[in-house]
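Below you'll find the structure, written out as structure tokens, and then a few comments.
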Amino acid sequence: MMQALKGIGVTVAMDDFGTGYSSLSTLQVFPFDKIKVDKSFIQSVETSVHAAAIVKATLLLGRSLNIPVLAEGVETQQHLAFLREEGCASVQGFLFGKPMPHEAISRMIRDVGIAQTLASEAPAKNAAAA
């Protein structure tokens with residue numbers, strides 16, 4: 001089933017890696033496109049050498065398997081600094097934004113689109129005036 005989904009362009013992530021049913025053997029059997037490290041590890045990297053070691057090992061595992069790793073639950077600049085230092089390229093969490101209602105997301109997308117359009121048109125207008 002996962003191969004069929006991938007065949008139509010769906011990407012599949014192993015969520016909450018390190019907890020519950022996300023085991024190493026699952027990585028060997030299923031063709032995941034991304035590994036998402038559970039937020040419980042990220043939120044403990046400053047206080048637990050074990051959590052920090054697990055995150056580092058997961059990042060190394062991802063590099064070894066050529067599977068990108070995403071860190072969930074990034075809430076502080078310290079979390080982000082740790083992950084950057086360890087070479088984690090993908091992060092998500094409240095540090096970057098909190099859940100929003102549909103209307104707020106639509107407004108944000110519209111406003112960003114308008115800003116990008118204005119920015120891309122500005123050089124063309126300046127060149128035409130010259």
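Labeling convention for the structure tokens: chains A, B, ... as they appear, residues from 1 per chain, ligands from 1 in order of appearance.
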
Within 10 Å of stretch 95-110 of chain A, counting only C-alpha atoms, which residues qualify if same-chain residues fewer than 2 places away don't, as a CSV table (one decimal) with C-alpha atoms, in the first residue's frame?
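Below is the file result-v2.csv, written as the result:
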```csv
chain,number,residue,atom,x,y,z
A,73,GLY,CA,8.4,20.2,19.3
A,74,VAL,CA,11.0,22.9,18.9
A,75,GLU,CA,9.9,25.5,21.3
A,76,THR,CA,13.0,27.4,22.4
A,77,GLN,CA,16.1,29.0,20.8
A,79,HIS,CA,16.3,23.6,21.1
A,80,LEU,CA,17.0,25.1,17.7
A,91,VAL,CA,12.3,21.5,12.4
A,92,GLN,CA,8.8,22.3,13.5
A,93,GLY,CA,7.3,23.6,16.7
A,112,VAL,CA,2.5,36.7,2.0
A,113,GLY,CA,1.3,36.2,-1.6
A,114,ILE,CA,0.6,39.9,-2.0
A,115,ALA,CA,4.0,40.8,-0.5
A,116,GLN,CA,5.8,38.4,-2.8
```

Which parts of chain A does DSSP call strand (DSSP E or B) when run on the backbone here, written out as an mmCIF file with C-alpha atoms, in the first residue's frame?
```cif
data_model
loop_
_atom_site.group_PDB
_atom_site.id
_atom_site.type_symbol
_atom_site.label_atom_id
_atom_site.label_comp_id
_atom_site.auth_asym_id
_atom_site.auth_seq_id
_atom_site.Cartn_x
_atom_site.Cartn_y
_atom_site.Cartn_z
ATOM 1 C CA ALA A 13 6.850 9.982 7.326
ATOM 2 C CA MET A 14 7.513 7.828 10.361
ATOM 3 C CA ASP A 15 5.963 9.949 13.107
ATOM 4 C CA ASP A 16 7.008 10.060 16.774
ATOM 5 C CA PHE A 17 10.228 8.146 16.149
ATOM 6 C CA LYS A 34 11.098 11.201 6.453
ATOM 7 C CA ILE A 35 11.689 10.389 10.109
ATOM 8 C CA LYS A 36 10.008 12.687 12.642
ATOM 9 C CA VAL A 37 11.734 12.670 16.038
ATOM 10 C CA VAL A 69 14.942 13.762 9.817
ATOM 11 C CA LEU A 70 12.475 16.352 11.124
ATOM 12 C CA ALA A 71 12.550 17.427 14.779
ATOM 13 C CA SER A 90 14.043 20.310 9.264
ATOM 14 C CA VAL A 91 12.279 21.482 12.408
#
```

For this session: Show which residues sit within 10 Å of A:Leu59, as a ChimeraX atom specification. Count only C-alpha atoms, and ignore same-chain residues fewer than 3 positions away.
Result: /A:35,37,53-56,62-65,67-71,83,86-89

For this session: Please return as a PyMOL selection string: the residues of chain A that backbone DSSP assigns to helix (DSSP H, G or I).
Result: chain A and resi 2-7+24-29+39-42+49-65+77-85+102-129

For this session: Determine the nearest neighbour of A:Val45 from the options A:Gly9, A:Phe94, A:Glu85, A:Gln78, counting only C-alpha atoms.
Result: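 Among the listed residues, A:Gln78 lies closest to A:Val45.
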
For this session: Report the distance between atom CA of A:Val12 and atom CA of A:Pro31 in Å, rounded to one decimal place.
Result: 7.8 Å

For this session: Have a look at atom CA of A:Ala4 and atom CA of A:Asp33 and let me know their distance in Å, one decimal.
Result: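 So the answer is 13.8 Å.
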
Seminar exercise, completed: With distances taken over only C-alpha atoms, the candidate from A:Glu72, A:Val10, A:Ser23, A:Thr58 nearest A:Ser40 is A:Glu72

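Atom CA of A:Lys6 to atom CA of A:Ile42 spans 28.5 Å [interatomic distance, one decimal].
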